[in-house]
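Report on the following structure.
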Amino acid sequence: MIETQCLCGDIRLHITEEPLAQVYCHCTDCQVSQGAAYVINSVYRADAVKVVSGNPATLTVQRTPRMRCSRCGTPLFTEVAAAGLRSLNAYLLPPDKVWPQLHIHCADAVMPVVDSLPHYAGLPSSFGGDDKLVEW
């Protein structure tokens with residue numbers, strides 16, 4: 001189990017399973033809500049990420065509900081309710097628990113990120129996408 005918290009400590013989370021995947025997400029929703037070109041997300045079954053103290057506030061910028069600390073504003077996780085997933089902002093994890101495997105939504109990328117990982121225009125088929133890759 002991993003325990004983590006927001007920057008001020010009001011919200012504490014327990015993560016009880018290994019992630020299903022860790023991804024760099026380049027979607028416009030992540031860009032706008034995080035103020036970043038991309039975000040590292042660690043994807044879990046929803047019931048594997050539990051709020052054990054505090055009450056996260058919901059922020060929906062474009063289409064995806066995102067949970068944040070209402071006091072310090074720390075982004076915590078995204079609710080992907082239709083898929084039964086929670087996508088935790090991976091910077092909340094210890095550094096040795098962060099190992100992104102791929103890039104998603106690269107069609108929305110602000111700029112190319114050149115590395116050895118696969119770069120999907122949308123999503124891989126394992127996430128319901130078409131497996132289309134982008135070349136940078």
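Chain labels run A, B, ... following the order of the structure tokens; each chain numbers its residues from 1, and ligands are numbered from 1 in the order shown.
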List the spatial neighbours of range 20-29 of chain A as an NGL selection string - criterion: any atom at most 9 Å away, only C-alpha atoms, same-chain residues fewer than 5 positions off excluded.
:A and (34 or 36-45 or 60-64 or 87 or 90 or 98-110 or 122)
Generate a file of the selected residues that holds N, CA and C atoms, formatted as a compact mmCIF listing (two decimals), in the first residue's frame.
```
# COMPACT_ATOMS: atom_id res chain seq x y z
N GLN A 34 -4.23 21.39 -15.66
CA GLN A 34 -2.95 21.33 -14.95
C GLN A 34 -2.02 22.50 -15.29
N ALA A 36 -0.13 22.64 -17.92
CA ALA A 36 1.10 21.97 -18.35
C ALA A 36 0.90 21.39 -19.74
N ALA A 37 2.00 21.14 -20.43
CA ALA A 37 1.93 20.55 -21.77
C ALA A 37 1.46 19.10 -21.71
N TYR A 38 1.79 18.40 -20.65
CA TYR A 38 1.34 17.02 -20.43
C TYR A 38 1.47 16.69 -18.96
N VAL A 39 0.84 15.59 -18.57
CA VAL A 39 0.80 15.18 -17.17
C VAL A 39 1.13 13.69 -17.10
N ILE A 40 1.82 13.27 -16.06
CA ILE A 40 2.05 11.84 -15.84
C ILE A 40 0.93 11.32 -14.94
N ASN A 41 0.19 10.35 -15.46
CA ASN A 41 -0.91 9.76 -14.71
C ASN A 41 -0.64 8.30 -14.42
N SER A 42 -1.01 7.89 -13.23
CA SER A 42 -0.93 6.49 -12.83
C SER A 42 -2.37 6.00 -12.71
N VAL A 43 -2.74 5.04 -13.56
CA VAL A 43 -4.13 4.61 -13.70
C VAL A 43 -4.39 3.36 -12.85
N TYR A 44 -5.45 3.44 -12.02
CA TYR A 44 -5.82 2.36 -11.11
C TYR A 44 -7.31 2.04 -11.26
N ARG A 45 -7.69 0.84 -10.80
CA ARG A 45 -9.12 0.58 -10.60
C ARG A 45 -9.59 1.60 -9.58
N THR A 60 -14.32 20.38 -12.97
CA THR A 60 -14.47 19.90 -14.33
C THR A 60 -14.20 21.07 -15.25
N VAL A 61 -13.04 21.06 -15.92
CA VAL A 61 -12.65 22.18 -16.77
C VAL A 61 -13.30 22.05 -18.14
N GLN A 62 -13.11 20.91 -18.79
CA GLN A 62 -13.71 20.68 -20.10
C GLN A 62 -14.73 19.55 -20.03
N ARG A 63 -14.26 18.34 -19.68
CA ARG A 63 -15.17 17.20 -19.71
C ARG A 63 -14.93 16.18 -18.61
N THR A 64 -13.77 16.18 -17.98
CA THR A 64 -13.41 15.12 -17.04
C THR A 64 -13.39 15.64 -15.61
N SER A 87 -7.43 8.02 -12.19
CA SER A 87 -6.12 8.34 -12.76
C SER A 87 -5.43 9.33 -11.83
N ALA A 90 0.67 11.30 -10.99
CA ALA A 90 1.78 10.46 -10.56
C ALA A 90 2.84 11.20 -9.75
N VAL A 98 7.23 5.59 -10.11
CA VAL A 98 6.80 6.25 -11.35
C VAL A 98 7.60 5.68 -12.52
N TRP A 99 6.90 5.05 -13.47
CA TRP A 99 7.55 4.41 -14.62
C TRP A 99 6.61 4.46 -15.83
N PRO A 100 6.40 5.66 -16.39
CA PRO A 100 5.48 5.78 -17.53
C PRO A 100 5.84 4.80 -18.66
N GLN A 101 4.79 4.26 -19.29
CA GLN A 101 4.95 3.25 -20.32
C GLN A 101 4.64 3.74 -21.72
N LEU A 102 3.87 4.84 -21.83
CA LEU A 102 3.44 5.31 -23.13
C LEU A 102 2.91 6.74 -23.03
N HIS A 103 2.72 7.34 -24.18
CA HIS A 103 2.11 8.67 -24.29
C HIS A 103 0.74 8.50 -24.93
N ILE A 104 -0.27 9.24 -24.43
CA ILE A 104 -1.61 9.19 -25.02
C ILE A 104 -2.06 10.60 -25.41
N HIS A 105 -3.02 10.65 -26.32
CA HIS A 105 -3.60 11.90 -26.82
C HIS A 105 -2.55 12.83 -27.43
N CYS A 106 -1.59 12.24 -28.12
CA CYS A 106 -0.51 13.03 -28.72
C CYS A 106 -0.99 13.91 -29.88
N ALA A 107 -2.16 13.63 -30.43
CA ALA A 107 -2.71 14.51 -31.47
C ALA A 107 -2.95 15.91 -30.90
N ASP A 108 -3.10 16.02 -29.58
CA ASP A 108 -3.32 17.31 -28.90
C ASP A 108 -2.03 17.90 -28.34
N ALA A 109 -0.91 17.24 -28.56
CA ALA A 109 0.35 17.66 -27.93
C ALA A 109 0.73 19.08 -28.32
N VAL A 110 1.25 19.81 -27.35
CA VAL A 110 1.74 21.17 -27.56
C VAL A 110 3.03 21.15 -28.37
N GLY A 122 -4.40 9.02 -30.08
CA GLY A 122 -5.50 9.02 -29.13
C GLY A 122 -5.17 8.06 -28.00
```
Out of chain A, which residues get alpha helix (DSSP H) from DSSP, as JSON, numbers by chain?
{"A": [28, 29, 30, 31, 32, 33, 34]}
Same residues, all heavy atoms, output as a PDB file, in the first residue's frame:
```pdb
ATOM      1  N   THR A  28      -6.091  17.938 -24.183  1.00  0.00           N
ATOM      2  CA  THR A  28      -6.319  19.356 -23.883  1.00  0.00           C
ATOM      3  C   THR A  28      -6.932  19.538 -22.499  1.00  0.00           C
ATOM      4  O   THR A  28      -6.693  20.551 -21.843  1.00  0.00           O
ATOM      5  CB  THR A  28      -7.206  20.024 -24.949  1.00  0.00           C
ATOM      6  OG1 THR A  28      -8.446  19.304 -25.045  1.00  0.00           O
ATOM      7  CG2 THR A  28      -6.515  20.043 -26.301  1.00  0.00           C
ATOM      8  N   ASP A  29      -7.701  18.577 -22.034  1.00  0.00           N
ATOM      9  CA  ASP A  29      -8.291  18.667 -20.698  1.00  0.00           C
ATOM     10  C   ASP A  29      -7.187  18.683 -19.636  1.00  0.00           C
ATOM     11  O   ASP A  29      -7.216  19.486 -18.709  1.00  0.00           O
ATOM     12  CB  ASP A  29      -9.249  17.499 -20.480  1.00  0.00           C
ATOM     13  CG  ASP A  29     -10.348  17.816 -19.484  1.00  0.00           C
ATOM     14  OD1 ASP A  29     -10.867  18.948 -19.488  1.00  0.00           O
ATOM     15  OD2 ASP A  29     -10.693  16.917 -18.689  1.00  0.00           O
ATOM     16  N   CYS A  30      -6.196  17.786 -19.783  1.00  0.00           N
ATOM     17  CA  CYS A  30      -5.059  17.780 -18.842  1.00  0.00           C
ATOM     18  C   CYS A  30      -4.262  19.079 -18.964  1.00  0.00           C
ATOM     19  O   CYS A  30      -3.865  19.664 -17.955  1.00  0.00           O
ATOM     20  CB  CYS A  30      -4.136  16.582 -19.107  1.00  0.00           C
ATOM     21  SG  CYS A  30      -4.712  15.024 -18.410  1.00  0.00           S
ATOM     22  N   GLN A  31      -4.037  19.528 -20.188  1.00  0.00           N
ATOM     23  CA  GLN A  31      -3.266  20.759 -20.382  1.00  0.00           C
ATOM     24  C   GLN A  31      -3.917  21.937 -19.669  1.00  0.00           C
ATOM     25  O   GLN A  31      -3.251  22.681 -18.948  1.00  0.00           O
ATOM     26  CB  GLN A  31      -3.137  21.067 -21.874  1.00  0.00           C
ATOM     27  CG  GLN A  31      -2.259  20.115 -22.641  1.00  0.00           C
ATOM     28  CD  GLN A  31      -2.336  20.345 -24.134  1.00  0.00           C
ATOM     29  OE1 GLN A  31      -2.771  21.400 -24.597  1.00  0.00           O
ATOM     30  NE2 GLN A  31      -1.923  19.348 -24.898  1.00  0.00           N
ATOM     31  N   VAL A  32      -5.218  22.101 -19.877  1.00  0.00           N
ATOM     32  CA  VAL A  32      -5.923  23.246 -19.301  1.00  0.00           C
ATOM     33  C   VAL A  32      -6.030  23.124 -17.778  1.00  0.00           C
ATOM     34  O   VAL A  32      -5.760  24.074 -17.049  1.00  0.00           O
ATOM     35  CB  VAL A  32      -7.317  23.397 -19.947  1.00  0.00           C
ATOM     36  CG1 VAL A  32      -8.146  24.454 -19.223  1.00  0.00           C
ATOM     37  CG2 VAL A  32      -7.187  23.748 -21.418  1.00  0.00           C
ATOM     38  N   SER A  33      -6.405  21.952 -17.293  1.00  0.00           N
ATOM     39  CA  SER A  33      -6.630  21.807 -15.854  1.00  0.00           C
ATOM     40  C   SER A  33      -5.329  21.820 -15.051  1.00  0.00           C
ATOM     41  O   SER A  33      -5.325  22.213 -13.892  1.00  0.00           O
ATOM     42  CB  SER A  33      -7.413  20.533 -15.544  1.00  0.00           C
ATOM     43  OG  SER A  33      -6.656  19.396 -15.854  1.00  0.00           O
ATOM     44  N   GLN A  34      -4.229  21.391 -15.660  1.00  0.00           N
ATOM     45  CA  GLN A  34      -2.946  21.333 -14.953  1.00  0.00           C
ATOM     46  C   GLN A  34      -2.020  22.498 -15.292  1.00  0.00           C
ATOM     47  O   GLN A  34      -1.008  22.683 -14.626  1.00  0.00           O
ATOM     48  CB  GLN A  34      -2.214  20.025 -15.279  1.00  0.00           C
ATOM     49  CG  GLN A  34      -3.016  18.782 -14.982  1.00  0.00           C
ATOM     50  CD  GLN A  34      -3.239  18.569 -13.505  1.00  0.00           C
ATOM     51  OE1 GLN A  34      -2.353  18.785 -12.697  1.00  0.00           O
ATOM     52  NE2 GLN A  34      -4.432  18.158 -13.141  1.00  0.00           N
TER      53      GLN A  34
END
```
Enumerate the residues of chain A with a DSSP assignment of strand (DSSP E or B), computed from the backbone, and present them as a ChimeraX atom specification.
/A:2-5,12-15,21-25,39-45,49-53,57-60,65-68,75-80,85-89,102-104,119-120,133
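Using only C-alpha atoms, the nearest neighbour of Met67 in chain A within the list A:Ala82, A:Val51, A:Leu123, A:Ile2 is A:Val51.
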Counting only C-alpha atoms, what is within 9 Å of Trp136 in chain A, bar same-chain residues fewer than 3 positions away, as an NGL selection string?
:A and (112-114 or 119)
Write a file of the selected residues as a compact mmCIF listing (two decimals), in the first residue's frame, keeping all heavy atoms.
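Contents of part-v3.txt, freshly written:
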```txt
# COMPACT_ATOMS: atom_id res chain seq x y z
N PRO A 112 6.37 18.09 -29.66
CA PRO A 112 6.81 16.69 -29.62
C PRO A 112 7.64 16.39 -28.38
O PRO A 112 8.39 17.24 -27.90
CB PRO A 112 7.68 16.56 -30.87
CG PRO A 112 7.33 17.71 -31.73
CD PRO A 112 6.88 18.80 -30.82
N VAL A 113 7.48 15.20 -27.88
CA VAL A 113 8.31 14.68 -26.81
C VAL A 113 8.98 13.44 -27.39
O VAL A 113 8.32 12.44 -27.66
CB VAL A 113 7.50 14.31 -25.56
CG1 VAL A 113 8.40 13.68 -24.51
CG2 VAL A 113 6.78 15.53 -25.00
N VAL A 114 10.26 13.53 -27.63
CA VAL A 114 10.98 12.43 -28.27
C VAL A 114 11.61 11.54 -27.20
O VAL A 114 12.45 11.99 -26.42
CB VAL A 114 12.05 12.97 -29.25
CG1 VAL A 114 12.79 11.82 -29.91
CG2 VAL A 114 11.39 13.87 -30.29
N HIS A 119 3.90 6.58 -28.82
CA HIS A 119 3.16 7.84 -28.79
C HIS A 119 1.85 7.66 -29.56
O HIS A 119 1.84 7.68 -30.79
CB HIS A 119 3.99 8.96 -29.43
CG HIS A 119 5.24 9.26 -28.67
ND1 HIS A 119 6.38 8.50 -28.76
CD2 HIS A 119 5.53 10.25 -27.79
CE1 HIS A 119 7.32 9.01 -27.99
NE2 HIS A 119 6.82 10.06 -27.38
```
Within 8 Å of Ser70 in chain A, counting only C-alpha atoms, which residues show up once you throw out same-chain ones fewer than 2 positions away? Write them as an MDAnalysis selection string, please.
chainID A and resid 55:57 68 72:73
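Closest approach to Phe127 in chain A from the set A:Val80, A:Met111, A:Leu93, A:Leu7 is made by A:Val80, with distances taken over only C-alpha atoms.
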Would you work out the distance separating CA of Asp130 in chain A from CA of Gly84 in chain A, expressed in Å to one decimal?
20.2 Å
Between A:Leu13, A:Cys69, A:Met1, A:Leu88, single out the one closest to Lys50 in chain A, counting only C-alpha atoms.
A:Leu13
CA of Ser125 in chain A to CA of Ala83 in chain A: how many Å, to one decimal?
13.8 Å
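Between CA of Pro124 in chain A and CA of Pro95 in chain A the separation is 25.3 Å.
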